[in-house]
$ cat structure-v2.txt   # compact mmCIF, C-alpha atoms (C1' of nucleotides)
# COMPACT_ATOMS: atom_id res chain seq x y z
CA MET A 1 3.89 -1.57 7.55
CA SER A 2 3.56 -2.57 3.96
CA ALA A 3 3.62 -6.18 2.88
CA SER A 4 6.95 -5.82 1.14
CA THR A 5 8.54 -4.12 4.15
CA LYS A 6 7.29 -6.86 6.41
CA LEU A 7 8.68 -9.48 4.08
CA SER A 8 12.11 -7.91 3.91
CA THR A 9 12.15 -7.52 7.68
CA ALA A 10 11.21 -11.16 8.19
CA VAL A 11 13.89 -12.31 5.78
CA LYS A 12 16.52 -10.18 7.49
CA ALA A 13 15.61 -11.72 10.81
CA LEU A 14 15.67 -15.23 9.34
CA CYS A 15 19.09 -14.66 7.78
CA TYR A 16 20.37 -13.50 11.13
CA LEU A 17 18.89 -16.53 12.85
CA ALA A 18 20.23 -18.88 10.19
CA ASN A 19 23.76 -17.57 10.64
CA SER A 20 23.62 -17.93 14.41
CA TYR A 21 21.95 -21.33 14.40
CA PRO A 22 21.41 -23.09 16.80
CA VAL A 23 22.03 -20.38 19.37
CA PRO A 24 18.79 -18.61 20.38
CA LYS A 25 18.73 -14.88 19.76
CA THR A 26 16.47 -12.46 21.61
CA SER A 27 14.20 -9.97 19.94
CA SER A 28 16.51 -7.21 21.23
CA GLN A 29 19.53 -8.71 19.53
CA ILE A 30 17.73 -9.25 16.25
CA SER A 31 16.03 -5.88 16.27
CA SER A 32 19.24 -3.96 16.95
CA PHE A 33 20.85 -5.83 14.06
CA ILE A 34 18.02 -5.02 11.71
CA GLY A 35 17.31 -1.54 13.04
CA ILE A 36 13.66 -1.96 13.96
CA ASN A 37 11.68 -1.70 17.17
CA ALA A 38 11.85 -4.90 19.24
CA SER A 39 8.13 -4.94 19.93
CA LYS A 40 7.29 -4.63 16.29
CA LEU A 41 9.73 -7.35 15.39
CA ARG A 42 8.18 -9.68 17.95
CA LYS A 43 4.84 -9.27 16.20
CA ILE A 44 6.37 -10.48 12.98
CA LEU A 45 8.36 -13.24 14.62
CA SER A 46 5.31 -14.48 16.51
CA MET A 47 3.65 -15.17 13.18
CA LEU A 48 6.68 -17.10 12.01
CA VAL A 49 6.42 -19.10 15.24
CA LYS A 50 2.75 -19.90 14.60
CA ASN A 51 3.71 -21.18 11.16
CA LYS A 52 6.53 -23.23 12.65
CA ILE A 53 9.25 -21.47 10.70
CA VAL A 54 11.01 -20.41 13.88
CA GLU A 55 10.82 -21.60 17.47
CA SER A 56 10.66 -19.42 20.53
CA THR A 57 11.63 -20.14 24.12
CA TYR A 58 10.63 -18.02 27.10
CA GLY A 59 12.71 -16.95 30.08
CA MET A 60 16.41 -16.53 30.59
CA ALA A 61 18.62 -17.75 27.79
CA GLY A 62 15.48 -17.86 25.70
CA GLY A 63 14.89 -16.32 22.31
CA PHE A 64 14.26 -17.35 18.73
CA VAL A 65 15.79 -20.17 16.72
CA ILE A 66 15.14 -20.92 13.09
CA LYS A 67 13.39 -24.24 12.81
CA LYS A 68 12.88 -24.85 9.11
CA ASN A 69 15.76 -25.82 6.87
CA PRO A 70 16.75 -22.76 4.77
CA GLN A 71 16.93 -24.94 1.68
CA LYS A 72 13.31 -25.96 2.09
CA LEU A 73 12.07 -22.54 3.14
CA HIS A 74 10.83 -20.30 0.32
CA LEU A 75 9.86 -16.66 0.17
CA GLN A 76 6.26 -17.46 -0.55
CA GLU A 77 5.95 -19.48 2.65
CA ILE A 78 7.44 -16.63 4.66
CA TYR A 79 5.16 -14.18 2.93
CA CYS A 80 2.02 -16.18 3.62
CA ALA A 81 3.02 -16.60 7.25
CA ILE A 82 3.20 -12.89 7.95
CA GLU A 83 0.40 -11.65 5.72
CA ASP A 84 -3.29 -12.52 5.98
CA ARG A 85 -4.39 -10.34 3.13
CA LYS A 86 -3.66 -11.63 -0.31
CA ALA A 87 -0.40 -10.81 -2.07
CA PHE A 88 0.39 -7.18 -2.72
CA HIS A 89 -3.03 -5.69 -2.05
CA LEU A 90 -4.22 -4.70 -5.46
CA HIS A 91 -7.45 -2.84 -5.00
CA ILE A 92 -10.13 -1.74 -7.38
CA ALA A 93 -12.72 0.93 -6.80
CA LYS A 94 -15.89 -0.16 -5.08
CA LEU A 95 -19.10 0.57 -6.91
CA ASN A 96 -21.61 3.10 -5.68
CA ASP A 97 -24.42 1.88 -7.87
CA ILE A 98 -25.20 -1.74 -8.62
CA LYS A 99 -27.22 -0.82 -11.70
CA LEU A 100 -24.08 0.05 -13.62
CA THR A 101 -23.63 -3.37 -15.13
CA GLU A 102 -20.81 -2.35 -17.42
CA SER A 103 -18.89 -1.04 -14.46
CA VAL A 104 -19.56 -4.31 -12.65
CA LYS A 105 -18.12 -6.26 -15.53
CA LEU A 106 -15.02 -4.09 -15.51
CA ASN A 107 -14.61 -4.59 -11.81
CA ASN A 108 -14.71 -8.33 -12.28
CA TYR A 109 -12.25 -8.04 -15.12
CA PHE A 110 -9.73 -6.25 -12.93
CA LEU A 111 -10.29 -8.62 -10.04
CA GLU A 112 -9.30 -11.47 -12.35
CA LEU A 113 -6.35 -9.57 -13.78
CA PHE A 114 -4.97 -8.63 -10.38
CA SER A 115 -5.55 -12.14 -9.15
CA ASP A 116 -3.45 -13.43 -12.05
CA ILE A 117 -0.69 -10.98 -11.18
CA GLN A 118 -0.74 -12.08 -7.56
CA ILE A 119 -0.42 -15.70 -8.56
CA GLU A 120 2.58 -14.86 -10.73
CA ILE A 121 4.22 -13.00 -7.88
CA GLU A 122 3.69 -15.90 -5.54
CA ASN A 123 5.03 -18.35 -8.10
CA LYS A 124 8.13 -16.23 -8.40
CA MET A 125 8.55 -16.24 -4.64
CA LYS A 126 8.12 -20.00 -4.49
CA LYS A 127 11.28 -20.40 -6.53
CA ILE A 128 13.46 -18.45 -4.12
CA SER A 129 14.78 -20.30 -1.09
CA LEU A 130 16.24 -18.66 2.00
CA GLN A 131 19.41 -20.63 1.35
CA SER A 132 19.85 -19.00 -2.04
CA ILE A 133 19.60 -15.60 -0.39
CA LEU A 134 22.16 -16.60 2.24
CA ASN A 135 24.50 -17.74 -0.52
CA LYS A 136 24.20 -14.42 -2.31
CA LEU A 137 24.94 -12.53 0.87
CA ASN A 138 28.09 -14.51 1.55
CA SER A 139 29.39 -14.50 -2.02
CA LYS A 140 29.36 -10.74 -2.56
CA MET B 1 -6.18 6.33 -4.14
CA SER B 2 -4.16 3.22 -4.75
CA ALA B 3 -2.45 2.59 -8.06
CA SER B 4 -4.77 -0.26 -8.93
CA THR B 5 -7.87 1.78 -8.11
CA LYS B 6 -6.65 4.62 -10.26
CA LEU B 7 -5.95 2.24 -13.11
CA SER B 8 -9.40 0.67 -12.99
CA THR B 9 -11.00 4.11 -12.81
CA ALA B 10 -9.02 5.30 -15.81
CA VAL B 11 -9.97 2.22 -17.82
CA LYS B 12 -13.63 2.64 -16.93
CA ALA B 13 -13.51 6.21 -18.15
CA LEU B 14 -11.71 5.19 -21.33
CA CYS B 15 -14.25 2.46 -22.06
CA TYR B 16 -17.03 4.97 -21.63
CA LEU B 17 -15.28 7.43 -23.96
CA ALA B 18 -14.53 4.73 -26.51
CA ASN B 19 -18.19 3.72 -26.66
CA SER B 20 -19.35 7.31 -27.11
CA TYR B 21 -16.65 8.29 -29.61
CA PRO B 22 -16.41 10.90 -31.13
CA VAL B 23 -18.94 12.77 -28.99
CA PRO B 24 -17.24 14.69 -26.15
CA LYS B 25 -18.34 13.75 -22.64
CA THR B 26 -18.04 16.03 -19.65
CA SER B 27 -16.42 15.04 -16.39
CA SER B 28 -19.88 15.09 -14.81
CA GLN B 29 -21.24 12.59 -17.29
CA ILE B 30 -18.30 10.25 -16.93
CA SER B 31 -18.12 10.52 -13.17
CA SER B 32 -21.82 9.79 -12.70
CA PHE B 33 -21.41 6.74 -14.92
CA ILE B 34 -18.42 5.46 -12.97
CA GLY B 35 -19.63 6.57 -9.57
CA ILE B 36 -16.74 8.78 -8.54
CA ASN B 37 -16.34 12.43 -7.66
CA ALA B 38 -16.05 14.65 -10.74
CA SER B 39 -13.13 16.63 -9.37
CA LYS B 40 -11.18 13.50 -8.61
CA LEU B 41 -11.91 12.10 -12.04
CA ARG B 42 -10.66 15.29 -13.68
CA LYS B 43 -7.33 14.81 -11.95
CA ILE B 44 -6.97 11.39 -13.53
CA LEU B 45 -8.24 12.51 -16.92
CA SER B 46 -5.88 15.49 -16.96
CA MET B 47 -2.97 13.07 -16.81
CA LEU B 48 -4.39 11.11 -19.72
CA VAL B 49 -4.62 14.41 -21.59
CA LYS B 50 -0.98 15.23 -20.89
CA ASN B 51 -0.03 11.85 -22.29
CA LYS B 52 -2.22 12.41 -25.34
CA ILE B 53 -4.44 9.45 -24.68
CA VAL B 54 -7.53 11.64 -24.52
CA GLU B 55 -8.24 15.16 -25.71
CA SER B 56 -10.07 17.83 -23.77
CA THR B 57 -11.95 20.89 -24.99
CA TYR B 58 -13.00 23.77 -22.79
CA GLY B 59 -16.22 25.73 -22.74
CA MET B 60 -19.76 24.89 -23.82
CA ALA B 61 -20.17 21.59 -25.63
CA GLY B 62 -16.68 20.77 -24.39
CA GLY B 63 -15.52 17.62 -22.64
CA PHE B 64 -13.25 14.64 -23.15
CA VAL B 65 -12.75 12.52 -26.27
CA ILE B 66 -10.54 9.47 -26.55
CA LYS B 67 -7.70 10.20 -28.92
CA LYS B 68 -5.66 7.03 -29.12
CA ASN B 69 -6.90 4.01 -31.05
CA PRO B 70 -8.09 1.38 -28.52
CA GLN B 71 -6.27 -1.30 -30.46
CA LYS B 72 -2.98 0.51 -30.02
CA LEU B 73 -3.59 1.55 -26.43
CA HIS B 74 -2.31 -0.85 -23.77
CA LEU B 75 -2.79 -1.02 -20.02
CA GLN B 76 0.83 -0.29 -19.34
CA GLU B 77 0.63 2.99 -21.22
CA ILE B 78 -2.44 3.99 -19.25
CA TYR B 79 -0.79 2.95 -16.04
CA CYS B 80 2.37 4.96 -16.69
CA ALA B 81 0.31 8.00 -17.63
CA ILE B 82 -1.50 8.18 -14.31
CA GLU B 83 1.26 7.02 -11.99
CA ASP B 84 4.60 8.70 -11.39
CA ARG B 85 5.83 6.21 -8.87
CA LYS B 86 6.95 2.91 -10.23
CA ALA B 87 4.56 0.00 -10.59
CA PHE B 88 2.77 -1.24 -7.51
CA HIS B 89 4.86 0.49 -4.85
CA LEU B 90 6.80 -2.33 -3.34
CA HIS B 91 8.67 -0.91 -0.41
CA ILE B 92 11.43 -2.20 1.75
CA ALA B 93 12.47 -0.96 5.16
CA LYS B 94 14.89 1.89 5.25
CA LEU B 95 18.03 1.33 7.23
CA ASN B 96 18.82 3.14 10.45
CA ASP B 97 22.48 2.29 10.48
CA ILE B 98 24.75 2.28 7.48
CA LYS B 99 27.30 0.07 9.20
CA LEU B 100 25.04 -2.95 8.91
CA THR B 101 26.52 -4.13 5.67
CA GLU B 102 24.63 -7.41 5.64
CA SER B 103 21.37 -5.54 5.99
CA VAL B 104 22.43 -3.26 3.16
CA LYS B 105 23.04 -6.25 0.95
CA LEU B 106 19.62 -7.61 1.78
CA ASN B 107 18.01 -4.30 0.99
CA ASN B 108 19.66 -4.28 -2.39
CA TYR B 109 18.56 -7.84 -2.94
CA PHE B 110 14.92 -6.95 -2.34
CA LEU B 111 15.16 -3.83 -4.45
CA GLU B 112 16.25 -6.04 -7.33
CA LEU B 113 13.61 -8.65 -6.66
CA PHE B 114 10.77 -6.13 -6.46
CA SER B 115 12.11 -4.42 -9.53
CA ASP B 116 11.91 -7.73 -11.38
CA ILE B 117 8.35 -8.21 -10.22
CA GLN B 118 7.41 -4.73 -11.36
CA ILE B 119 8.86 -5.41 -14.79
CA GLU B 120 6.83 -8.60 -15.04
CA ILE B 121 3.67 -6.77 -14.11
CA GLU B 122 4.31 -4.10 -16.69
CA ASN B 123 5.05 -6.72 -19.34
CA LYS B 124 1.75 -8.36 -18.56
CA MET B 125 -0.03 -5.03 -18.91
CA LYS B 126 1.68 -4.35 -22.22
CA LYS B 127 -0.06 -7.34 -23.72
CA ILE B 128 -3.56 -6.09 -22.87
CA SER B 129 -5.14 -3.56 -25.22
CA LEU B 130 -8.13 -1.42 -24.40
CA GLN B 131 -9.85 -2.97 -27.43
CA SER B 132 -9.55 -6.44 -25.93
CA ILE B 133 -11.24 -5.19 -22.78
CA LEU B 134 -14.03 -3.59 -24.82
CA ASN B 135 -14.54 -6.87 -26.64
CA LYS B 136 -14.86 -8.77 -23.38
CA LEU B 137 -17.39 -6.29 -22.07
CA ASN B 138 -19.59 -6.59 -25.15
CA SER B 139 -19.35 -10.36 -25.50
CA LYS B 140 -20.54 -11.26 -22.00
C1' DA C 1 9.35 -18.74 46.48
C1' DT C 2 10.96 -14.79 44.49
C1' DA C 3 13.09 -12.18 41.07
C1' DA C 4 14.73 -11.70 36.52
C1' DA C 5 14.43 -12.47 31.65
C1' DT C 6 11.99 -13.21 27.71
C1' DT C 7 8.05 -13.83 24.42
C1' DG C 8 3.31 -12.48 23.14
C1' DT C 9 -0.26 -9.08 23.07
C1' DT C 10 -2.69 -4.86 23.86
C1' DA C 11 -3.16 0.09 24.24
C1' DC C 12 -2.40 4.59 22.99
C1' DA C 13 -0.83 9.04 21.68
C1' DG C 14 1.22 11.24 17.76
C1' DT C 15 1.83 11.48 13.10
C1' DA C 16 1.11 10.71 8.36
C1' DA C 17 -1.71 9.64 4.57
C1' DG C 18 -5.87 9.16 2.19
C1' DT C 19 -10.86 11.02 1.01
C1' DG C 20 -14.32 13.83 -0.47
C1' DT C 21 -15.78 18.20 -1.29
C1' DA C 22 -15.68 22.73 -2.42
C1' DA C 23 -13.64 26.68 -4.30
C1' DC C 24 -11.05 29.02 -7.56
C1' DC C 25 -8.43 29.80 -11.94
C1' DA C 26 -8.04 29.10 -17.04
C1' DA C 27 -10.05 28.66 -21.44
C1' DT C 28 -13.70 28.51 -24.67
C1' DT C 29 -18.20 29.55 -26.73
C1' DG C 30 -22.37 32.02 -27.70
C1' DC D 1 -19.92 39.42 -20.64
C1' DA D 2 -22.04 35.39 -18.96
C1' DA D 3 -22.25 30.56 -18.99
C1' DT D 4 -19.88 26.25 -19.35
C1' DT D 5 -16.19 23.22 -18.76
C1' DG D 6 -11.42 21.50 -17.83
C1' DG D 7 -7.40 22.05 -14.52
C1' DT D 8 -5.67 22.95 -10.02
C1' DT D 9 -5.46 24.07 -5.26
C1' DA D 10 -7.10 24.09 -0.52
C1' DC D 11 -9.01 22.20 3.40
C1' DA D 12 -11.46 19.79 6.86
C1' DC D 13 -12.43 15.11 8.00
C1' DT D 14 -11.39 10.68 8.51
C1' DT D 15 -8.60 6.76 8.37
C1' DA D 16 -4.46 4.37 8.73
C1' DC D 17 0.17 3.95 10.13
C1' DT D 18 4.10 4.34 13.63
C1' DG D 19 6.65 3.98 17.49
C1' DT D 20 6.64 3.26 22.05
C1' DA D 21 5.37 1.69 26.23
C1' DA D 22 3.02 -1.26 29.24
C1' DC D 23 1.27 -5.53 30.74
C1' DA D 24 0.36 -10.50 30.89
C1' DA D 25 2.34 -15.26 30.23
C1' DT D 26 6.04 -18.33 30.73
C1' DT D 27 10.41 -20.07 31.94
C1' DT D 28 14.85 -20.09 34.47
C1' DA D 29 18.22 -18.81 37.95
C1' DT D 30 19.20 -18.10 42.64
$ encode --input "structure-v2.txt" --output "structure tokens"
Amino acid sequence: MSASTKLSTAVKALCYLANSYPVPKTSSQISSFIGINASKLRKILSMLVKNKIVESTYGMAGGFVIKKNPQKLHLQEIYCAIEDRKAFHLHIAKLNDIKLTESVKLNNYFLELFSDIQIEIENKMKKISLQSILNKLNSK
Amino acid sequence: MSASTKLSTAVKALCYLANSYPVPKTSSQISSFIGINASKLRKILSMLVKNKIVESTYGMAGGFVIKKNPQKLHLQEIYCAIEDRKAFHLHIAKLNDIKLTESVKLNNYFLELFSDIQIEIENKMKKISLQSILNKLNSK
DNA sequence: ATAAATTGTTACAGTAAGTGTAACCAATTG
DNA sequence: CAATTGGTTACACTTACTGTAACAATTTAT
């Protein structure tokens, strides 16, 4: 599952949870709404739980409840919660031969460039709150 | 091969060709410098040929020569030449059920967002010329 | 207590995608 | 015609992804 797919899935789940707040929803309910396997969704939700964005309760009448205020919750926080690897995985070719110093310099150049791009992407995501997404959904 | 790996490989090849201009270099020479398979490199170079960034000549004493002035050649142009798919492949989950209108709206939302991000990345790449990269390599 | 419901995690078979290499075709030159 | 080189295709190998199920952990209802 790509980083962007995971992010959109997480946001869909959070929107669903925000609209049904404070009633807990099970992974089955959320997954059938989104159209994704319940087990897979639980993996994503468990990471949101670890980062205290949602809360989970076991047993009957259990499920997931959104914990963080949608106005204070931003895309970048959601993204970081579900993704260990950095941003959108920009890779450069690994070197076969260390002696190729010019190639090494170019590798470093691209590492810096892609790092800059990742920072810009994250900055963009920091400016988008879950609440603003909810508003757009309801307005249209 | 990821988009970013392809881009860095193409730039490495172009730097090599720029430094040896106007002497043609074979795919073997370039690939051994970069540390990549010659056949794979030819695939990338052939796309640069189609986009008239480099020129190729067959037969003995043939090879590749950079055609476009490094000062007028930008990363975005190189990127578009070697990649059909748009930018850095930001995907969102496909929907299983068309009835889920809220999910549809969210999908559209992310399509727009990722499209914005892609445009920003391309704008950033437009500002970087091959010549500026060559200068950085020689200065350090 | 026992059973049922639910989250959290692991396992696994099946599939898809990526990799590296070789082989072949096309074009040019001597 | 033979040698060289770019351009393309094919293929086996590996790796990664996918979807599903299964199981353990935890809570609640009866």
$ atom_distance --input "structure-v2.txt" --atom1 "CA of Val104 (chain A)" --atom2 "C1' of DA22 (chain C)"
29.2 Å
$ axis_aligned_box --input "structure-v2.txt" --around "region 55-73 of chain B" --padding-each-side "6 Å" --output "JSON"
{"center_x": -11.6, "center_y": 12.2, "center_z": -26.8, "size_x": 29.2, "size_y": 39.0, "size_z": 20.4}
$ atom_distance --input "structure-v2.txt" --atom1 "CA of Gln71 (chain A)" --atom2 "CA of Leu130 (chain A)"
6.3 Å
$ atom_distance --input "structure-v2.txt" --atom1 "CA of Asn69 (chain A)" --atom2 "CA of Tyr109 (chain B)"
20.7 Å
$ residues_around --input "structure-v2.txt" --residues "region 51-66 of chain A" --least-positions-apart "4" --cutoff "7 Å" --atoms "only C-alpha atoms (C1' of nucleotides)" --output "list of chain:residue names"
A:Leu14, A:Leu17, A:Ala18, A:Tyr21, A:Pro22, A:Val23, A:Pro24, A:Lys25, A:Thr26, A:Ser27, A:Met47, A:Ala81, C:DA5, C:DT6, C:DT7, D:DT26, D:DT27, D:DT28
$ residues_near_point --input "structure-v2.txt" --point "(1.2, -13.4, -13.4)" --cutoff "8 Å" --atoms "all atoms listed in the file" --output "list of chain:residue names"
A:Asp116, A:Ile117, A:Gln118, A:Ile119, A:Glu120, A:Ile121, B:Glu120, B:Ile121, B:Lys124
$ write_last_selection --input "structure-v2.txt" --atoms "C-alpha atoms" --output "PDB file, in the frame of the given file"
ATOM      1  CA  ASP A 116      -3.450 -13.430 -12.050  1.00  0.00           C
ATOM      2  CA  ILE A 117      -0.690 -10.980 -11.180  1.00  0.00           C
ATOM      3  CA  GLN A 118      -0.740 -12.080  -7.560  1.00  0.00           C
ATOM      4  CA  ILE A 119      -0.420 -15.700  -8.560  1.00  0.00           C
ATOM      5  CA  GLU A 120       2.580 -14.860 -10.730  1.00  0.00           C
ATOM      6  CA  ILE A 121       4.220 -13.000  -7.880  1.00  0.00           C
TER       7      ILE A 121
ATOM      8  CA  GLU B 120       6.830  -8.600 -15.040  1.00  0.00           C
ATOM      9  CA  ILE B 121       3.670  -6.770 -14.110  1.00  0.00           C
ATOM     10  CA  LYS B 124       1.750  -8.360 -18.560  1.00  0.00           C
TER      11      LYS B 124
END
$ closest_atom_pairs --input "structure-v2.txt" --of "chain D" --to "chain A" --cutoff "10 Å" --atoms "only C-alpha atoms (C1' of nucleotides)" --output "JSON lines"
{"residue": "D:DC17", "atom": "C1'", "partner": "A:Met1", "partner_atom": "CA", "distance": 7.1}
{"residue": "D:DT18", "atom": "C1'", "partner": "A:Met1", "partner_atom": "CA", "distance": 8.5}
{"residue": "D:DG19", "atom": "C1'", "partner": "A:Asn37", "partner_atom": "CA", "distance": 7.6}
{"residue": "D:DT20", "atom": "C1'", "partner": "A:Asn37", "partner_atom": "CA", "distance": 8.6}
{"residue": "D:DA21", "atom": "C1'", "partner": "A:Ser39", "partner_atom": "CA", "distance": 9.6}
{"residue": "D:DA25", "atom": "C1'", "partner": "A:Tyr58", "partner_atom": "CA", "distance": 9.3}
{"residue": "D:DT26", "atom": "C1'", "partner": "A:Tyr58", "partner_atom": "CA", "distance": 5.9}
{"residue": "D:DT27", "atom": "C1'", "partner": "A:Gly59", "partner_atom": "CA", "distance": 4.3}
{"residue": "D:DT28", "atom": "C1'", "partner": "A:Met60", "partner_atom": "CA", "distance": 5.5}
{"residue": "D:DA29", "atom": "C1'", "partner": "A:Met60", "partner_atom": "CA", "distance": 7.9}
$ residues_near_point --input "structure-v2.txt" --point "(-12.8, 14.8, 2.1)" --cutoff "10 Å" --atoms "only C-alpha atoms (C1' of nucleotides)" --output "list in words"
DG18, DT19, DG20, DT21 and DA22 of chain C; DC11, DA12, DC13 and DT14 of chain D
$ interface_residues --input "structure-v2.txt" --of "chain C" --to "chain B" --cutoff "6 Å" --atoms "only C-alpha atoms (C1' of nucleotides)" --output "MDAnalysis selection string"
chainID C and resid 27:29
$ closest_residue --input "structure-v2.txt" --among "A:Ile82, A:Leu48, A:Ala10, A:Ala38" --to "chain B" --atoms "only C-alpha atoms"
A:Ala10
$ residues_around --input "structure-v2.txt" --residues "Glu83 (chain B)" --least-positions-apart "6" --cutoff "10 Å" --atoms "all atoms listed in the file" --output "list in words"
Ser2, Ala3, Ser4, Lys6, Leu7, Ile44 and Met47 of chain B
$ closest_residue --input "structure-v2.txt" --among "A:Asn107, A:Ser129, A:Asn135, A:Ser28" --to "chain B" --atoms "only C-alpha atoms"
A:Asn107
$ closest_residue --input "structure-v2.txt" --among "A:Asn19, A:Leu41, A:Pro70, A:Ile133" --to "chain B" --atoms "all atoms listed in the file"
A:Ile133
$ decode --input "structure-v2.txt" --residues "region 113-132 of chain A" --atoms "N, CA and C atoms" --output "mmCIF file, in the first residue's frame"
data_model
loop_
_atom_site.group_PDB
_atom_site.id
_atom_site.type_symbol
_atom_site.label_atom_id
_atom_site.label_comp_id
_atom_site.auth_asym_id
_atom_site.auth_seq_id
_atom_site.Cartn_x
_atom_site.Cartn_y
_atom_site.Cartn_z
ATOM 1 N N LEU A 113 18.064 17.527 -2.768
ATOM 2 C CA LEU A 113 16.926 18.029 -3.544
ATOM 3 C C LEU A 113 15.637 17.335 -3.115
ATOM 4 N N PHE A 114 15.678 16.014 -3.036
ATOM 5 C CA PHE A 114 14.477 15.271 -2.672
ATOM 6 C C PHE A 114 14.074 15.553 -1.225
ATOM 7 N N SER A 115 15.057 15.780 -0.402
ATOM 8 C CA SER A 115 14.761 16.155 0.979
ATOM 9 C C SER A 115 14.019 17.487 1.021
ATOM 10 N N ASP A 116 14.459 18.434 0.205
ATOM 11 C CA ASP A 116 13.771 19.726 0.116
ATOM 12 C C ASP A 116 12.320 19.533 -0.321
ATOM 13 N N ILE A 117 12.143 18.690 -1.331
ATOM 14 C CA ILE A 117 10.791 18.464 -1.843
ATOM 15 C C ILE A 117 9.907 17.862 -0.757
ATOM 16 N N GLN A 118 10.467 16.907 -0.020
ATOM 17 C CA GLN A 118 9.698 16.284 1.052
ATOM 18 C C GLN A 118 9.273 17.280 2.108
ATOM 19 N N ILE A 119 10.187 18.191 2.435
ATOM 20 C CA ILE A 119 9.860 19.214 3.426
ATOM 21 C C ILE A 119 8.728 20.095 2.919
ATOM 22 N N GLU A 120 8.775 20.436 1.637
ATOM 23 C CA GLU A 120 7.702 21.266 1.070
ATOM 24 C C GLU A 120 6.361 20.554 1.112
ATOM 25 N N ILE A 121 6.399 19.252 0.816
ATOM 26 C CA ILE A 121 5.156 18.485 0.854
ATOM 27 C C ILE A 121 4.592 18.464 2.269
ATOM 28 N N GLU A 122 5.472 18.235 3.228
ATOM 29 C CA GLU A 122 5.005 18.186 4.611
ATOM 30 C C GLU A 122 4.479 19.540 5.069
ATOM 31 N N ASN A 123 5.141 20.601 4.642
ATOM 32 C CA ASN A 123 4.660 21.936 5.001
ATOM 33 C C ASN A 123 3.267 22.178 4.429
ATOM 34 N N LYS A 124 3.069 21.692 3.222
ATOM 35 C CA LYS A 124 1.752 21.848 2.613
ATOM 36 C C LYS A 124 0.708 21.080 3.420
ATOM 37 N N MET A 125 1.068 19.906 3.855
ATOM 38 C CA MET A 125 0.127 19.085 4.622
ATOM 39 C C MET A 125 -0.148 19.658 6.001
ATOM 40 N N LYS A 126 0.831 20.385 6.531
ATOM 41 C CA LYS A 126 0.631 20.992 7.856
ATOM 42 C C LYS A 126 -0.465 22.042 7.838
ATOM 43 N N LYS A 127 -0.704 22.607 6.668
ATOM 44 C CA LYS A 127 -1.679 23.703 6.570
ATOM 45 C C LYS A 127 -3.101 23.196 6.365
ATOM 46 N N ILE A 128 -3.264 21.898 6.240
ATOM 47 C CA ILE A 128 -4.593 21.357 5.958
ATOM 48 C C ILE A 128 -5.110 20.596 7.163
ATOM 49 N N SER A 129 -6.173 21.122 7.761
ATOM 50 C CA SER A 129 -6.762 20.457 8.928
ATOM 51 C C SER A 129 -7.849 19.490 8.490
ATOM 52 N N LEU A 130 -8.110 18.508 9.345
ATOM 53 C CA LEU A 130 -9.203 17.566 9.052
ATOM 54 C C LEU A 130 -10.529 18.311 8.976
ATOM 55 N N GLN A 131 -10.667 19.337 9.822
ATOM 56 C CA GLN A 131 -11.912 20.105 9.821
ATOM 57 C C GLN A 131 -12.157 20.757 8.458
ATOM 58 N N SER A 132 -11.112 21.262 7.853
ATOM 59 C CA SER A 132 -11.285 21.908 6.548
ATOM 60 C C SER A 132 -11.730 20.900 5.499
#
